[in-house]
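Novice: Next comes upload_16.tsv, TSV, C-alpha atoms and all ligand atoms:
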chain	number	residue	atom	x	y	z
A	1	MET	CA	118.86	88.28	94.76
A	2	GLY	CA	118.61	84.77	96.20
A	3	MET	CA	115.00	85.50	97.16
A	4	THR	CA	113.76	85.76	93.56
A	5	ILE	CA	111.37	82.96	92.65
A	6	ASN	CA	111.85	80.95	89.49
A	7	PHE	CA	108.37	80.82	87.94
A	8	HIS	CA	109.44	78.29	85.31
A	9	ASN	CA	107.91	75.38	87.24
A	10	THR	CA	104.27	76.50	87.13
A	11	HIS	CA	101.35	74.20	86.35
A	12	PHE	CA	97.68	74.64	85.56
A	13	GLU	CA	95.66	73.67	88.62
A	14	ILE	CA	91.95	74.35	88.15
A	15	SER	CA	89.37	76.70	86.65
A	16	ALA	CA	86.56	78.21	88.68
A	17	SER	CA	83.57	80.24	87.59
A	18	ARG	CA	82.26	80.82	91.10
A	19	MET	CA	83.79	81.65	94.47
A	20	VAL	CA	82.77	78.26	95.90
A	21	GLU	CA	84.75	76.51	93.16
A	22	CYS	CA	88.03	78.23	94.07
A	23	PRO	CA	90.71	75.97	95.57
A	24	GLY	CA	91.52	76.26	99.28
A	25	ALA	CA	93.38	79.47	100.10
A	26	SER	CA	96.53	77.58	101.04
A	27	VAL	CA	99.35	79.61	99.47
A	28	PRO	CA	99.95	83.29	98.57
A	29	GLU	CA	97.99	84.16	95.45
A	30	ILE	CA	98.59	86.79	92.76
A	31	VAL	CA	95.84	87.77	90.36
A	32	PHE	CA	96.40	89.13	86.84
A	33	ALA	CA	93.65	91.58	85.90
A	34	GLY	CA	93.03	93.99	83.06
A	35	ARG	CA	90.93	94.66	80.02
A	36	SER	CA	90.45	91.92	77.47
A	37	ASN	CA	93.35	91.80	75.02
A	38	ALA	CA	95.69	93.79	77.31
A	39	GLY	CA	98.09	90.84	77.41
A	40	LYS	CA	97.33	89.03	80.70
A	41	SER	CA	97.65	85.46	79.45
A	42	THR	CA	100.74	86.31	77.42
A	43	ALA	CA	102.35	87.91	80.49
A	44	ILE	CA	101.79	84.74	82.56
A	45	ASN	CA	103.20	82.58	79.77
A	46	THR	CA	106.26	84.82	79.43
A	47	LEU	CA	106.86	84.97	83.19
A	48	CYS	CA	106.67	81.17	83.38
A	49	LYS	CA	108.68	80.67	80.18
A	50	GLN	CA	105.94	78.45	78.74
A	51	ARG	CA	104.24	78.96	75.42
A	52	GLN	CA	100.75	77.75	76.21
A	53	LEU	CA	100.28	77.70	79.97
A	54	ALA	CA	97.66	80.42	80.02
A	55	TYR	CA	95.50	80.51	76.95
A	56	ALA	CA	96.21	83.63	74.89
A	57	SER	CA	92.76	84.24	73.49
A	58	LYS	CA	91.98	85.04	69.88
A	59	MET	CA	88.47	85.86	71.05
A	60	PRO	CA	88.91	88.47	73.77
A	61	GLY	CA	86.66	88.27	76.81
A	62	ARG	CA	85.13	84.95	75.90
A	63	THR	CA	86.19	82.74	78.78
A	64	GLN	CA	84.35	83.55	81.99
A	65	LEU	CA	86.61	81.68	84.33
A	66	LEU	CA	89.26	82.20	86.94
A	67	ASN	CA	92.22	80.03	85.96
A	68	PHE	CA	94.50	78.98	88.81
A	69	PHE	CA	98.16	78.04	88.33
A	70	HIS	CA	100.45	76.50	90.96
A	71	VAL	CA	104.03	77.75	91.28
A	72	ILE	CA	106.16	74.81	92.41
A	73	GLU	CA	109.44	74.97	94.30
A	74	GLN	CA	111.19	71.84	95.61
A	75	ALA	CA	108.09	69.78	94.80
A	76	GLU	CA	105.83	72.02	96.92
A	77	PRO	CA	103.32	74.63	95.73
A	78	ILE	CA	104.57	77.96	97.10
A	79	ALA	CA	102.18	80.34	95.33
A	80	ARG	CA	99.31	80.62	92.87
A	81	LEU	CA	98.92	82.81	89.81
A	82	VAL	CA	95.37	83.54	88.66
A	83	ASP	CA	94.45	84.54	85.12
A	84	LEU	CA	91.18	86.43	84.76
A	85	PRO	CA	89.04	86.50	81.63
A	86	GLY	CA	89.29	90.29	81.44
A	87	TYR	CA	86.77	92.88	82.50
A	88	GLY	CA	84.43	91.83	83.37
A	89	PHE	CA	83.45	94.31	85.85
A	90	ALA	CA	82.06	97.24	83.94
A	91	GLN	CA	79.46	97.36	86.65
A	92	LEU	CA	81.72	97.42	89.71
A	93	ALA	CA	80.91	101.08	90.20
A	94	GLN	CA	77.31	100.82	89.05
A	95	THR	CA	74.13	99.35	90.47
A	96	SER	CA	73.22	96.35	88.35
A	97	GLN	CA	75.85	93.63	88.25
A	98	SER	CA	75.88	90.44	86.25
A	99	VAL	CA	76.31	87.21	88.23
A	100	TRP	CA	79.83	86.90	86.90
A	101	ASP	CA	80.76	90.44	87.89
A	102	LYS	CA	79.54	89.71	91.42
A	103	GLU	CA	81.66	86.56	91.61
A	104	LEU	CA	84.72	88.41	90.34
A	105	GLY	CA	84.06	91.35	92.65
A	106	SER	CA	83.78	89.11	95.69
A	107	TYR	CA	86.85	87.12	94.66
A	108	LEU	CA	88.88	90.36	94.61
A	109	ALA	CA	87.32	91.68	97.81
A	110	ASP	CA	87.23	88.51	99.91
A	111	ARG	CA	89.81	85.99	98.74
A	112	PRO	CA	91.96	85.66	101.87
A	113	SER	CA	95.14	84.40	100.18
A	114	LEU	CA	95.46	87.31	97.72
A	115	VAL	CA	98.77	89.11	98.28
A	116	GLY	CA	98.80	91.29	95.18
A	117	CYS	CA	97.06	92.30	92.00
A	118	VAL	CA	98.94	92.69	88.71
A	119	LEU	CA	97.05	95.07	86.46
A	120	ILE	CA	97.93	94.84	82.78
A	121	VAL	CA	97.33	98.01	80.78
A	122	ASP	CA	98.05	98.49	77.09
A	123	CYS	CA	100.62	101.32	77.12
A	124	ARG	CA	98.97	102.92	74.07
A	125	ARG	CA	95.64	103.25	75.87
A	126	GLY	CA	96.82	104.02	79.37
A	127	LEU	CA	94.59	103.73	82.44
A	128	LEU	CA	90.88	103.75	81.66
A	129	GLU	CA	87.77	103.85	83.80
A	130	LEU	CA	87.64	100.13	84.53
A	131	ASP	CA	91.27	100.13	85.59
A	132	TYR	CA	90.62	102.90	88.09
A	133	ALA	CA	87.53	101.03	89.33
A	134	LEU	CA	89.69	97.96	89.99
A	135	ILE	CA	92.39	99.96	91.78
A	136	LYS	CA	89.77	101.52	94.06
A	137	TRP	CA	88.03	98.20	94.60
A	138	VAL	CA	91.14	96.37	95.83
A	139	GLY	CA	92.34	99.52	97.61
A	140	HIS	CA	89.55	99.00	100.13
A	141	ARG	CA	91.47	96.01	101.44
A	142	GLN	CA	94.89	97.62	100.88
A	143	LEU	CA	95.83	94.95	98.34
A	144	PRO	CA	98.95	96.19	96.53
A	145	VAL	CA	98.61	96.79	92.77
A	146	HIS	CA	101.47	96.41	90.30
A	147	ILE	CA	100.70	97.94	86.92
A	148	MET	CA	102.39	96.59	83.80
A	149	LEU	CA	102.29	98.98	80.86
A	150	SER	CA	102.19	96.25	78.26
A	151	LYS	CA	103.13	96.09	74.57
A	152	ALA	CA	105.91	98.63	75.26
A	153	ASP	CA	107.53	97.35	72.05
A	154	LYS	CA	104.96	99.50	70.23
A	155	PHE	CA	106.61	102.62	71.69
A	156	ASN	CA	110.05	104.16	71.21
A	157	ARG	CA	112.15	104.92	74.27
A	158	GLN	CA	110.87	108.48	74.66
A	159	GLU	CA	107.23	107.40	74.37
A	160	GLN	CA	107.86	104.69	76.97
A	161	VAL	CA	109.30	107.18	79.45
A	162	LEU	CA	106.39	109.58	78.89
A	163	ALA	CA	103.81	106.82	79.36
A	164	LEU	CA	105.47	105.70	82.58
A	165	ARG	CA	105.59	109.25	83.92
A	166	ALA	CA	101.97	110.05	82.96
A	167	THR	CA	100.73	106.85	84.59
A	168	GLN	CA	102.66	107.49	87.82
A	169	LYS	CA	101.18	110.97	87.99
A	170	ALA	CA	97.61	109.79	87.29
A	171	LEU	CA	97.93	107.31	90.16
A	172	ASP	CA	98.85	109.82	92.84
A	173	PRO	CA	95.23	110.43	93.94
A	174	TYR	CA	94.78	106.66	94.35
A	175	ARG	CA	97.71	106.21	96.71
A	176	VAL	CA	95.51	107.01	99.70
A	177	ASN	CA	96.15	105.59	103.16
A	178	GLY	CA	99.43	104.13	101.96
A	179	HIS	CA	97.83	101.98	99.22
A	180	GLU	CA	100.85	100.59	97.40
A	181	ILE	CA	100.71	101.06	93.61
A	182	THR	CA	103.78	100.39	91.46
A	183	VAL	CA	104.25	100.73	87.70
A	184	GLN	CA	106.60	99.16	85.16
A	185	LEU	CA	107.03	98.92	81.42
A	186	TRP	CA	106.45	95.51	79.88
A	187	SER	CA	106.84	93.76	76.56
A	188	ALA	CA	106.34	90.04	76.22
A	189	LEU	CA	107.64	90.35	72.66
A	190	LYS	CA	110.93	92.07	73.57
A	191	LYS	CA	111.12	90.74	77.15
A	192	ILE	CA	111.14	94.26	78.59
A	193	GLY	CA	110.55	94.35	82.35
A	194	MET	CA	111.00	90.66	83.17
A	195	LEU	CA	113.23	91.28	86.19
A	196	ASP	CA	110.92	94.01	87.53
A	197	LEU	CA	108.01	91.57	87.40
A	198	GLU	CA	109.90	88.65	88.94
A	199	THR	CA	111.17	90.88	91.74
A	200	GLN	CA	107.74	92.34	92.56
A	201	LEU	CA	105.97	88.98	92.62
A	202	SER	CA	108.75	87.41	94.68
A	203	ASN	CA	108.51	90.21	97.23
A	204	TRP	CA	104.77	89.65	97.54
A	205	VAL	CA	105.11	85.90	97.99
A	206	ARG	CA	108.14	86.18	100.29
A	207	PRO	CA	108.35	89.67	101.78
A	208	PRO	CA	111.93	90.81	102.39
A	209	VAL	CA	112.99	90.01	105.94
A	210	ALA	CA	113.34	93.71	106.80
A	211	ASP	CA	109.55	94.09	106.33
A	212	LEU	CA	108.86	91.41	108.92
A	213	ASP	CA	111.62	91.72	111.52
A	214	PRO	CA	110.33	93.77	114.48
A	215	GLU	CA	113.95	94.50	115.51
A	216	ILE	CA	114.57	96.30	112.23
A	217	ASN	CA	111.06	97.72	111.74
A	218	PRO	CA	109.64	98.25	115.21
A	219	VAL	CA	105.87	98.53	115.38
A	220	PRO	CA	105.14	102.17	116.31
B	301	LIG	N1	103.22	93.65	70.50
B	301	LIG	C1	102.86	92.95	71.58
B	301	LIG	N2	101.74	92.19	71.54
B	301	LIG	C2	101.38	91.52	72.67
B	301	LIG	C3	102.16	91.59	73.86
B	301	LIG	N3	101.55	90.84	74.80
B	301	LIG	C4	100.45	90.32	74.23
B	301	LIG	N4	100.33	90.72	72.94
B	301	LIG	C5	99.25	90.35	71.98
B	301	LIG	O1	98.03	90.89	72.44
B	301	LIG	C6	96.94	90.00	72.18
B	301	LIG	C7	96.17	89.69	73.46
B	301	LIG	O2	97.00	88.98	74.35
B	301	LIG	P1	96.38	88.06	75.51
B	301	LIG	O3	97.54	87.60	76.34
B	301	LIG	O4	95.47	87.03	74.96
B	301	LIG	O5	95.52	89.15	76.31
B	301	LIG	P2	94.46	88.91	77.49
B	301	LIG	O6	93.10	88.97	76.85
B	301	LIG	O7	94.68	90.07	78.41
B	301	LIG	O8	94.78	87.61	78.15
B	301	LIG	C8	97.56	88.77	71.53
B	301	LIG	O9	97.42	88.85	70.13
B	301	LIG	C9	99.03	88.85	71.94
B	301	LIG	O10	99.89	88.24	71.02
B	301	LIG	C10	103.36	92.39	73.85
B	301	LIG	O11	104.10	92.52	74.84
B	301	LIG	N5	103.65	93.04	72.68
B	302	MG	MG	93.55	85.93	78.50
Now, as a test, write the supplied structure out as structure tokens.
Ligand SMILES: Nc1nc2c(ncn2[C@@H]2O[C@H](COP(=O)(O)OP(=O)(O)O)[C@@H](O)[C@H]2O)c(=O)[nH]1
Ligand SMILES: [Mg+2]

Specialist:
Amino acid sequence: MGMTINFHNTHFEISASRMVECPGASVPEIVFAGRSNAGKSTAINTLCKQRQLAYASKMPGRTQLLNFFHVIEQAEPIARLVDLPGYGFAQLAQTSQSVWDKELGSYLADRPSLVGCVLIVDCRRGLLELDYALIKWVGHRQLPVHIMLSKADKFNRQEQVLALRATQKALDPYRVNGHEITVQLWSALKKIGMLDLETQLSNWVRPPVADLDPEINPVP
């Protein structure tokens, strides 16, 4: 697994509250989305082995900002992680949108450097309406979604397996036109699913050679 990225060397870059404030789309970017309190900031901190990189909020949903983090390798930024304030976009499917929801919606729809969306879902709640709205929204541009069923430490092994299975099944109708949706269990507390996460993000930033090589995967 020489391709796996070490996310340890990740630094806060900038916050943006509007599309025009986003940094140049220079490197592959991965966004962490999900309901407030699902565990987004904690997941970024755990992935990067830093205690306070992303701010784990005691007041859910308060910060209305996109927070950009640079992943550094050999002194060069090779990717960005983006922490969202949490939904957010109650109105994605409805008519009236707040200014912020519009900014977030256009970020997800138009940001050219986005290579994947990590969707954090509390395993005890499972997928809810806003989660499905997000999956559909980014499905329009075929942006792959990786779902982390978080706080798996709250479940025993059997409950974990059932949650994973139920989520996979619920997603079947959303896997239209080859939209790639993957699911894993996650616990920041017990470090469940760390390798799954590192592997998925690394594959998005640096797709395995077999996916790119026309000799191996000829274009039909
Ligand atoms: N038991 C448990 N609690 C977690 C886990 N991840 C996050 N939390 C807690 O969930 C709360 C919300 O986490 P936070 O990362 O701020 O969520 P965000 O709003 O999605 O960024 C905090 O009190 C965290 O300590 C986990 O894997 N297990
Ligand atoms: Mg947060």

Novice: Name all residues at most 8 Å from A:Thr167 (count all atoms listed in the file; drop same-chain ones fewer than 2 positions away) and give them as a PyMOL selection string.

Specialist: chain A and resi 126-127+163-165+169-171+183

Novice: Residues at most 8 Å from stretch 64-73 of chain A, counting all atoms listed in the file, excluding those fewer than 6 positions away in the same chain, as a list in words?

Specialist: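 Here the qualifying residues turn out to be Phe7, Asn9, Thr10, His11, Phe12, Glu13, Ile14, Ser15, Ala16, Ser17, Ala79, Arg80, Leu81, Val82, Asp83, Leu84, Pro85 and Trp100 of chain A.
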
Novice: Which residue out of A:Val20, A:Ile192, A:Ile30, A:Met148 has the minimum interatomic distance to A:Gln168 when all atoms listed in the file are used?

Specialist: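 Once distances to A:Gln168 are computed over all atoms listed in the file, the minimum belongs to A:Met148.
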
Novice: Which one is closest to ligand MG 302 (chain B): A:Ala38, A:Val27, A:Val176, A:Met19? Count only C-alpha atoms and all ligand atoms.

Specialist: A:Ala38

Novice: Taking only C-alpha atoms and all ligand atoms into account, which residues are within 8 Å of ligand LIG 301 (chain B), as a PDB file with C-alpha atoms, keeping the file's coordinate frame?

Specialist:
ATOM      1  CA  ALA A  33      93.650  91.580  85.900  1.00  0.00           C
ATOM      2  CA  GLY A  34      93.030  93.990  83.060  1.00  0.00           C
ATOM      3  CA  ARG A  35      90.930  94.660  80.020  1.00  0.00           C
ATOM      4  CA  SER A  36      90.450  91.920  77.470  1.00  0.00           C
ATOM      5  CA  ASN A  37      93.350  91.800  75.020  1.00  0.00           C
ATOM      6  CA  ALA A  38      95.690  93.790  77.310  1.00  0.00           C
ATOM      7  CA  GLY A  39      98.090  90.840  77.410  1.00  0.00           C
ATOM      8  CA  LYS A  40      97.330  89.030  80.700  1.00  0.00           C
ATOM      9  CA  SER A  41      97.650  85.460  79.450  1.00  0.00           C
ATOM     10  CA  THR A  42     100.740  86.310  77.420  1.00  0.00           C
ATOM     11  CA  ALA A  43     102.350  87.910  80.490  1.00  0.00           C
ATOM     12  CA  ALA A  54      97.660  80.420  80.020  1.00  0.00           C
ATOM     13  CA  TYR A  55      95.500  80.510  76.950  1.00  0.00           C
ATOM     14  CA  ALA A  56      96.210  83.630  74.890  1.00  0.00           C
ATOM     15  CA  SER A  57      92.760  84.240  73.490  1.00  0.00           C
ATOM     16  CA  LYS A  58      91.980  85.040  69.880  1.00  0.00           C
ATOM     17  CA  PRO A  60      88.910  88.470  73.770  1.00  0.00           C
ATOM     18  CA  GLY A  61      86.660  88.270  76.810  1.00  0.00           C
ATOM     19  CA  ASP A  83      94.450  84.540  85.120  1.00  0.00           C
ATOM     20  CA  LEU A  84      91.180  86.430  84.760  1.00  0.00           C
ATOM     21  CA  PRO A  85      89.040  86.500  81.630  1.00  0.00           C
ATOM     22  CA  GLY A  86      89.290  90.290  81.440  1.00  0.00           C
ATOM     23  CA  ILE A 120      97.930  94.840  82.780  1.00  0.00           C
ATOM     24  CA  SER A 150     102.190  96.250  78.260  1.00  0.00           C
ATOM     25  CA  LYS A 151     103.130  96.090  74.570  1.00  0.00           C
ATOM     26  CA  ALA A 152     105.910  98.630  75.260  1.00  0.00           C
ATOM     27  CA  ASP A 153     107.530  97.350  72.050  1.00  0.00           C
ATOM     28  CA  LYS A 154     104.960  99.500  70.230  1.00  0.00           C
ATOM     29  CA  TRP A 186     106.450  95.510  79.880  1.00  0.00           C
ATOM     30  CA  SER A 187     106.840  93.760  76.560  1.00  0.00           C
ATOM     31  CA  ALA A 188     106.340  90.040  76.220  1.00  0.00           C
ATOM     32  CA  LEU A 189     107.640  90.350  72.660  1.00  0.00           C
ATOM     33  CA  LYS A 190     110.930  92.070  73.570  1.00  0.00           C
ATOM     34  CA  LYS A 191     111.120  90.740  77.150  1.00  0.00           C
TER      35      LYS A 191
END

Novice: From the set A:Val209, A:Leu134, A:Ala166, A:Leu201, which residue has the shortest atom-to-atom contact distance to A:Thr4, counting only C-alpha atoms?

Specialist: A:Leu201

Novice: Could you check which of A:Gln52, A:Arg157, A:Asn6, A:Lys102 is closest to ligand MG 302 (chain B), using only C-alpha atoms and all ligand atoms?

Specialist: A:Gln52

Novice: Using only C-alpha atoms and all ligand atoms, which of A:Asn45, A:Gln200, A:Ser26, A:Gln142 sits nearest ligand MG 302 (chain B)?

Specialist: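 So, comparing all the options, the nearest one is A:Asn45.
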
Novice: Go ahead and compute the interatomic distance for atom CA of A:Val145 and atom CA of A:Gly105, in Å to one decimal.

Specialist: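 Distance reported for this atom pair: 15.5 Å.
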
Novice: Pick from A:Glu21, A:Asp131, A:Glu29, A:Glu198: nearest to A:Leu143, with all atoms listed in the file counted?

Specialist: A:Glu29
